[in-house]
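Listing of query_7.txt, compact mmCIF, C-alpha atoms
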```txt
# COMPACT_ATOMS: atom_id res chain seq x y z
CA MET A 1 -272.68 -64.15 11.56
CA LYS A 2 -275.20 -64.60 14.38
CA ARG A 3 -275.07 -68.38 14.07
CA ILE A 4 -271.27 -68.35 14.12
CA LEU A 5 -271.24 -66.17 17.23
CA ASN A 6 -273.66 -68.50 19.00
CA ASP A 7 -271.60 -71.54 18.02
CA ILE A 8 -268.41 -69.91 19.33
CA LYS A 9 -270.02 -68.88 22.62
CA THR A 10 -271.48 -72.33 23.16
CA ALA A 11 -268.20 -74.08 22.39
CA ILE A 12 -266.19 -71.86 24.74
CA ASN A 13 -268.75 -72.02 27.54
CA GLU A 14 -268.86 -75.81 27.40
CA ALA A 15 -265.10 -76.29 27.14
CA ASP A 16 -263.00 -77.55 30.04
CA TYR A 17 -259.81 -76.14 28.55
CA ILE A 18 -258.80 -73.60 25.89
CA LEU A 19 -255.73 -73.91 23.68
CA ILE A 20 -254.85 -70.71 21.81
CA GLY A 21 -252.69 -70.66 18.70
CA ALA A 22 -251.71 -67.31 17.19
CA GLY A 23 -249.92 -66.23 14.04
CA SER A 24 -249.06 -62.91 12.44
CA GLY A 25 -252.62 -62.34 11.27
CA LEU A 26 -253.69 -61.72 14.86
CA SER A 27 -251.15 -58.95 15.41
CA THR A 28 -252.05 -57.42 12.06
CA ALA A 29 -255.67 -57.34 13.19
CA ALA A 30 -254.48 -55.70 16.42
CA GLY A 31 -252.97 -52.85 14.39
CA ILE A 32 -249.37 -54.06 14.32
CA GLU A 33 -249.12 -53.80 10.56
CA TYR A 34 -245.78 -54.13 8.82
CA SER A 35 -246.81 -52.25 5.70
CA GLY A 36 -249.06 -49.43 4.53
CA LYS A 37 -249.53 -46.19 6.44
CA ARG A 38 -247.93 -47.41 9.67
CA PHE A 39 -244.76 -48.31 7.81
CA LYS A 40 -244.68 -45.13 5.73
CA ASP A 41 -245.29 -42.89 8.72
CA ASN A 42 -242.46 -44.39 10.76
CA PHE A 43 -239.82 -45.23 8.16
CA LYS A 44 -239.90 -42.34 5.71
CA GLU A 45 -236.11 -41.85 5.81
CA TYR A 46 -235.51 -45.56 5.23
CA ILE A 47 -237.90 -45.61 2.30
CA GLU A 48 -236.03 -42.67 0.74
CA LYS A 49 -232.53 -44.06 1.33
CA TYR A 50 -232.98 -47.82 1.00
CA HIS A 51 -236.23 -47.97 -0.99
CA PHE A 52 -237.81 -50.23 1.63
CA THR A 53 -241.41 -51.27 0.95
CA ASP A 54 -242.45 -52.84 4.26
CA MET A 55 -241.03 -53.89 7.63
CA TYR A 56 -241.00 -57.60 6.88
CA THR A 57 -238.77 -57.52 3.81
CA SER A 58 -236.71 -54.69 5.30
CA SER A 59 -235.62 -56.95 8.14
CA PHE A 60 -233.74 -59.12 5.62
CA TYR A 61 -231.83 -56.22 4.09
CA ASN A 62 -228.06 -56.68 3.97
CA PHE A 63 -226.85 -53.49 5.65
CA LYS A 64 -223.24 -52.51 4.95
CA THR A 65 -222.43 -51.79 8.58
CA GLU A 66 -223.60 -52.90 12.02
CA GLU A 67 -224.22 -49.24 12.86
CA GLU A 68 -226.77 -48.97 10.03
CA LYS A 69 -228.35 -52.33 10.79
CA TRP A 70 -228.94 -51.60 14.45
CA ALA A 71 -230.28 -48.12 13.77
CA TYR A 72 -232.98 -49.77 11.69
CA PHE A 73 -233.64 -52.69 14.04
CA ALA A 74 -233.80 -50.48 17.11
CA LYS A 75 -236.67 -48.58 15.53
CA HIS A 76 -238.26 -51.79 14.27
CA ILE A 77 -238.03 -53.47 17.69
CA TYR A 78 -239.34 -50.44 19.55
CA LEU A 79 -242.28 -49.97 17.21
CA ASN A 80 -243.30 -53.64 17.25
CA ASN A 81 -242.46 -54.68 20.79
CA THR A 82 -240.52 -52.79 23.45
CA GLY A 83 -242.30 -49.49 22.88
CA MET A 84 -245.77 -51.02 22.76
CA ARG A 85 -248.43 -51.72 25.33
CA GLY A 86 -250.98 -54.50 25.14
CA THR A 87 -253.63 -54.00 22.46
CA GLU A 88 -257.38 -54.17 22.78
CA THR A 89 -257.52 -57.16 20.44
CA TYR A 90 -255.36 -59.32 22.70
CA LYS A 91 -257.08 -58.03 25.84
CA ASN A 92 -260.43 -59.09 24.40
CA ILE A 93 -259.11 -62.61 23.87
CA LEU A 94 -258.07 -62.67 27.51
CA LYS A 95 -261.60 -61.64 28.50
CA LEU A 96 -262.89 -64.71 26.68
CA MET A 97 -260.83 -66.92 28.95
CA GLN A 98 -262.70 -65.83 32.12
CA ASP A 99 -262.26 -68.77 34.50
CA LYS A 100 -261.05 -71.17 31.83
CA GLU A 101 -257.72 -72.92 32.07
CA TYR A 102 -255.76 -72.03 28.96
CA PHE A 103 -252.40 -72.20 27.25
CA VAL A 104 -250.97 -70.16 24.36
CA ILE A 105 -248.63 -71.17 21.57
CA THR A 106 -247.61 -68.38 19.22
CA THR A 107 -245.15 -67.70 16.43
CA ASN A 108 -245.43 -63.94 17.01
CA VAL A 109 -242.41 -62.13 18.41
CA ASP A 110 -244.12 -58.99 19.71
CA ASP A 111 -244.95 -60.30 23.22
CA GLN A 112 -248.53 -59.04 22.91
CA PHE A 113 -249.98 -61.89 24.98
CA PHE A 114 -247.66 -61.03 27.87
CA LYS A 115 -248.21 -57.28 27.47
CA SER A 116 -251.99 -57.75 27.42
CA GLY A 117 -252.18 -59.59 30.72
CA PHE A 118 -251.85 -63.28 29.88
CA ASP A 119 -249.92 -65.38 32.37
CA GLU A 120 -246.33 -65.49 31.07
CA GLY A 121 -246.03 -69.04 32.39
CA LYS A 122 -248.79 -70.10 29.98
CA ILE A 123 -247.23 -68.66 26.81
CA PHE A 124 -244.92 -70.59 24.51
CA ALA A 125 -243.39 -68.19 21.97
CA THR A 126 -241.72 -70.66 19.67
CA GLN A 127 -239.94 -68.23 17.36
CA GLY A 128 -238.31 -65.89 19.87
CA SER A 129 -238.92 -62.28 20.80
CA TYR A 130 -237.84 -58.82 19.69
CA ARG A 131 -237.31 -58.08 23.39
CA TYR A 132 -234.12 -60.13 23.47
CA ILE A 133 -230.79 -60.35 21.70
CA GLN A 134 -228.38 -63.29 21.59
CA CYS A 135 -224.93 -64.25 20.40
CA GLY A 136 -225.06 -64.31 16.60
CA LYS A 137 -223.22 -67.62 16.57
CA ALA A 138 -225.12 -69.07 19.57
CA CYS A 139 -221.93 -69.73 21.52
CA HIS A 140 -224.05 -69.86 24.69
CA ASN A 141 -227.79 -70.06 25.34
CA LYS A 142 -228.34 -66.88 27.36
CA LEU A 143 -230.65 -64.11 26.14
CA TYR A 144 -230.26 -60.41 26.94
CA ASP A 145 -233.10 -57.94 27.37
CA ASP A 146 -232.63 -55.17 24.80
CA THR A 147 -235.29 -52.74 26.04
CA GLU A 148 -232.96 -50.06 27.41
CA LEU A 149 -230.35 -50.59 24.70
CA VAL A 150 -232.96 -50.05 22.00
CA LYS A 151 -234.03 -46.77 23.61
CA GLU A 152 -230.46 -45.54 23.72
CA MET A 153 -229.84 -46.58 20.12
CA ILE A 154 -232.85 -44.60 18.96
CA GLU A 155 -231.89 -41.53 21.01
CA LYS A 156 -228.35 -41.52 19.62
CA THR A 157 -229.09 -42.41 15.99
CA VAL A 158 -227.61 -39.86 13.56
CA ASP A 159 -227.93 -40.14 9.78
CA LEU A 160 -229.53 -43.58 10.21
CA LYS A 161 -226.54 -44.92 12.13
CA ILE A 162 -225.95 -45.66 15.80
CA PRO A 163 -222.60 -44.92 17.50
CA SER A 164 -220.12 -47.78 17.15
CA THR A 165 -219.95 -48.00 20.93
CA LEU A 166 -223.56 -49.18 21.04
CA VAL A 167 -223.15 -52.06 18.58
CA PRO A 168 -223.88 -55.14 20.73
CA ILE A 169 -221.05 -57.66 20.99
CA CYS A 170 -221.30 -61.11 22.59
CA PRO A 171 -219.75 -60.89 26.06
CA VAL A 172 -218.54 -64.50 25.81
CA CYS A 173 -216.98 -64.92 22.36
CA GLY A 174 -216.89 -61.36 20.98
CA GLU A 175 -219.10 -62.18 17.98
CA LYS A 176 -221.85 -59.89 16.72
CA MET A 177 -225.17 -60.08 18.53
CA GLU A 178 -228.49 -60.71 16.76
CA VAL A 179 -232.16 -60.38 17.62
CA ASN A 180 -233.56 -63.59 19.11
CA LEU A 181 -235.55 -64.68 16.06
CA ARG A 182 -235.71 -68.13 14.50
CA LYS A 183 -234.15 -67.19 11.18
CA ASP A 184 -231.24 -69.65 10.96
CA GLU A 185 -229.46 -72.50 12.71
CA TYR A 186 -228.09 -70.13 15.35
CA PHE A 187 -231.44 -69.39 17.00
CA VAL A 188 -230.97 -69.68 20.77
CA GLU A 189 -233.46 -71.74 22.75
CA ASP A 190 -232.67 -70.76 26.32
CA ASP A 191 -233.76 -72.43 29.56
CA LYS A 192 -237.00 -70.43 29.55
CA TRP A 193 -237.80 -71.61 26.01
CA PHE A 194 -237.44 -75.26 27.05
CA GLU A 195 -239.41 -74.64 30.24
CA GLN A 196 -242.35 -73.29 28.24
CA TYR A 197 -242.01 -76.04 25.64
CA ASN A 198 -242.29 -78.64 28.39
CA LYS A 199 -245.29 -76.83 29.90
CA TYR A 200 -246.97 -76.85 26.49
CA LYS A 201 -246.40 -80.59 26.14
CA ALA A 202 -247.68 -81.16 29.68
CA PHE A 203 -250.80 -79.14 28.89
CA LEU A 204 -251.47 -81.21 25.77
CA ASN A 205 -251.15 -84.37 27.82
CA LYS A 206 -253.41 -82.97 30.55
CA ILE A 207 -256.27 -82.14 28.17
CA LYS A 208 -256.49 -85.55 26.53
CA ASP A 209 -260.03 -86.92 26.71
CA LYS A 210 -261.32 -83.54 27.95
CA LYS A 211 -263.68 -81.09 26.25
CA VAL A 212 -261.33 -78.64 24.55
CA VAL A 213 -261.64 -75.62 22.26
CA LEU A 214 -258.68 -74.70 20.09
CA LEU A 215 -258.77 -71.00 19.21
CA GLU A 216 -256.59 -70.39 16.16
CA PHE A 217 -256.01 -66.76 15.19
CA GLY A 218 -254.41 -65.59 11.94
CA VAL A 219 -252.19 -68.61 11.32
CA GLY A 220 -251.04 -68.80 7.72
CA PHE A 221 -248.77 -71.12 5.76
CA ASN A 222 -245.27 -69.77 6.48
CA THR A 223 -244.81 -72.30 9.30
CA PRO A 224 -247.91 -74.54 9.21
CA GLY A 225 -246.11 -77.29 11.09
CA ILE A 226 -246.04 -75.29 14.32
CA ILE A 227 -249.72 -74.52 14.89
CA ARG A 228 -252.02 -75.08 11.91
CA LEU A 229 -251.29 -78.74 11.19
CA PRO A 230 -250.81 -79.85 14.82
CA PHE A 231 -254.12 -78.22 15.78
CA GLU A 232 -255.90 -80.11 13.02
CA LYS A 233 -254.25 -83.35 14.13
CA LEU A 234 -255.39 -82.76 17.72
CA VAL A 235 -258.97 -82.21 16.56
CA SER A 236 -258.82 -85.25 14.29
CA ASP A 237 -257.57 -87.48 17.11
CA ASN A 238 -259.93 -86.26 19.85
CA ASN A 239 -263.70 -86.51 19.64
CA ASN A 240 -264.29 -83.76 22.22
CA TYR A 241 -262.11 -81.14 20.52
CA THR A 242 -263.46 -78.20 18.52
CA LEU A 243 -261.31 -75.94 16.36
CA ILE A 244 -262.34 -72.30 15.91
CA ARG A 245 -260.25 -70.98 13.03
CA PHE A 246 -260.07 -67.21 12.48
CA ASN A 247 -258.55 -66.53 9.08
CA LYS A 248 -259.62 -63.95 6.51
CA GLU A 249 -257.57 -65.59 3.77
CA ASN A 250 -258.01 -69.34 4.13
CA THR A 251 -260.02 -71.40 6.61
CA SER A 252 -259.65 -74.68 4.73
CA CYS A 253 -258.32 -77.79 6.47
CA PHE A 254 -255.71 -80.30 5.38
CA LEU A 255 -257.43 -83.06 7.34
CA ASP A 256 -261.03 -84.24 7.11
CA ILE A 257 -262.30 -82.41 10.20
CA ASP A 258 -264.71 -79.84 8.76
CA LYS A 259 -267.58 -81.02 10.98
CA LYS A 260 -265.53 -80.15 14.06
CA VAL A 261 -264.36 -76.73 12.84
CA ILE A 262 -266.01 -73.33 13.19
CA LYS A 263 -264.59 -71.24 10.37
CA VAL A 264 -264.48 -67.46 10.83
CA LYS A 265 -263.53 -65.23 7.92
CA GLU A 266 -265.01 -62.09 9.42
CA ASP A 267 -262.79 -59.40 10.95
CA ILE A 268 -261.27 -60.70 14.21
CA ASN A 269 -261.93 -57.47 16.08
CA LYS A 270 -265.54 -57.34 15.02
CA VAL A 271 -266.14 -60.90 16.22
CA LEU A 272 -264.25 -60.40 19.48
CA ASN A 273 -266.21 -57.25 20.25
CA GLU A 274 -269.44 -59.22 19.83
CA LEU A 275 -268.19 -62.07 22.00
CA VAL A 276 -267.02 -59.98 24.96
```
Would you put the structure from the file into structure tokens?
Amino acid sequence: MKRILNDIKTAINEADYILIGAGSGLSTAAGIEYSGKRFKDNFKEYIEKYHFTDMYTSSFYNFKTEEEKWAYFAKHIYLNNTGMRGTETYKNILKLMQDKEYFVITTNVDDQFFKSGFDEGKIFATQGSYRYIQCGKACHNKLYDDTELVKEMIEKTVDLKIPSTLVPICPVCGEKMEVNLRKDEYFVEDDKWFEQYNKYKAFLNKIKDKKVVLLEFGVGFNTPGIIRLPFEKLVSDNNNYTLIRFNKENTSCFLDIDKKVIKVKEDINKVLNELV
């Protein structure tokens, strides 16, 4: 552990730039767990009525009515995004940045980087955000902040249903609204999404031939083509790149880059506390 900590500190201190990649494992480490006690404490009525087992699988449940669906999602969204502040885990990562120039790419939809003080202009959330809703058929590319709507839904939920008057309807085509999550072909990539995508690409171009550390936190295999594989390719193609991979389950690499990878299976919070 001591050697790993020293290697991480040295790599970060010597780096010109930091590229952060974050998956669901990071938010789980931050306490945003979708199962276990946190789920049972907050969704007792849903467990009894629908026999839900966790928040992830519950989000795919085929509710009979929009009133039932939004009663559930309002609670889900509030608990995992709009009702949350930044967590210590994410704030500790920000402390590691100090005076470093950084950029973040994440598949998480909880906005924890933004909530924890990271520059919103340096965050590319590829898969959307619980903070926004969109037309369910993507008839236009505008997103709508759902923060206040979610609060009202929760306040007016009765028997696990919201009032019909609160069911969100697309103001353009009249279709049902959905949470802005990349779950099907109707996912809306608005102007802000493309702006951040272009900034990410510009950052990658800027750091070519520089000394770079790629910090990868809790990225699994659900969507390896977004962060895990591209990060390995960047390290493989650039002699001055070092990958620091935090993953309790699997730190192995697809590419032959082991000599340029610091693999961390220890608890993320424990390591971060030692580093800051």
Surrounding residues of region 37-44 of chain A excluding itself and chain neighbours under 5 positions, 9 Å, all atoms listed in the file, as a ChimeraX atom specification: /A:31-32,49,52-55,72,75,79
A:Lys208, A:Lys115, A:Lys2, A:Lys69 ranked by distance to Glu274 (chain A), top pick (using all atoms listed in the file): A:Lys2
Neighbours of region 21-29 of chain A within 8 Å (all atoms listed in the file; same-chain residues fewer than 3 positions away dropped), as a PyMOL selection string? chain A and resi 32-34+89+104-108+112+214-220+227+247+267-269
With all atoms listed in the file counted, which protein, DNA or RNA residues have an atom no more than 7 Å from (-265.1, -77.0, 16.5) in the file frame? Please answer as a PyMOL selection string. chain A and resi 213+241-244+260-262
Can you write just those residues out, C-alpha atoms, as a short mmCIF file (atom, residue, chain, number, x, y, z; two decimals), in the coordinates of the input?
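Once everything was written out, this is out.cif:
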```cif
data_model
loop_
_atom_site.label_atom_id
_atom_site.label_comp_id
_atom_site.auth_asym_id
_atom_site.auth_seq_id
_atom_site.Cartn_x
_atom_site.Cartn_y
_atom_site.Cartn_z
CA VAL A 213 -261.64 -75.62 22.26
CA TYR A 241 -262.11 -81.14 20.52
CA THR A 242 -263.46 -78.20 18.52
CA LEU A 243 -261.31 -75.94 16.36
CA ILE A 244 -262.34 -72.30 15.91
CA LYS A 260 -265.53 -80.15 14.06
CA VAL A 261 -264.36 -76.73 12.84
CA ILE A 262 -266.01 -73.33 13.19
#
```
Counting all atoms listed in the file, closest pick from A:Glu195, A:Glu266, A:Glu101, A:Glu178 relative to Gly121 (chain A) is A:Glu195
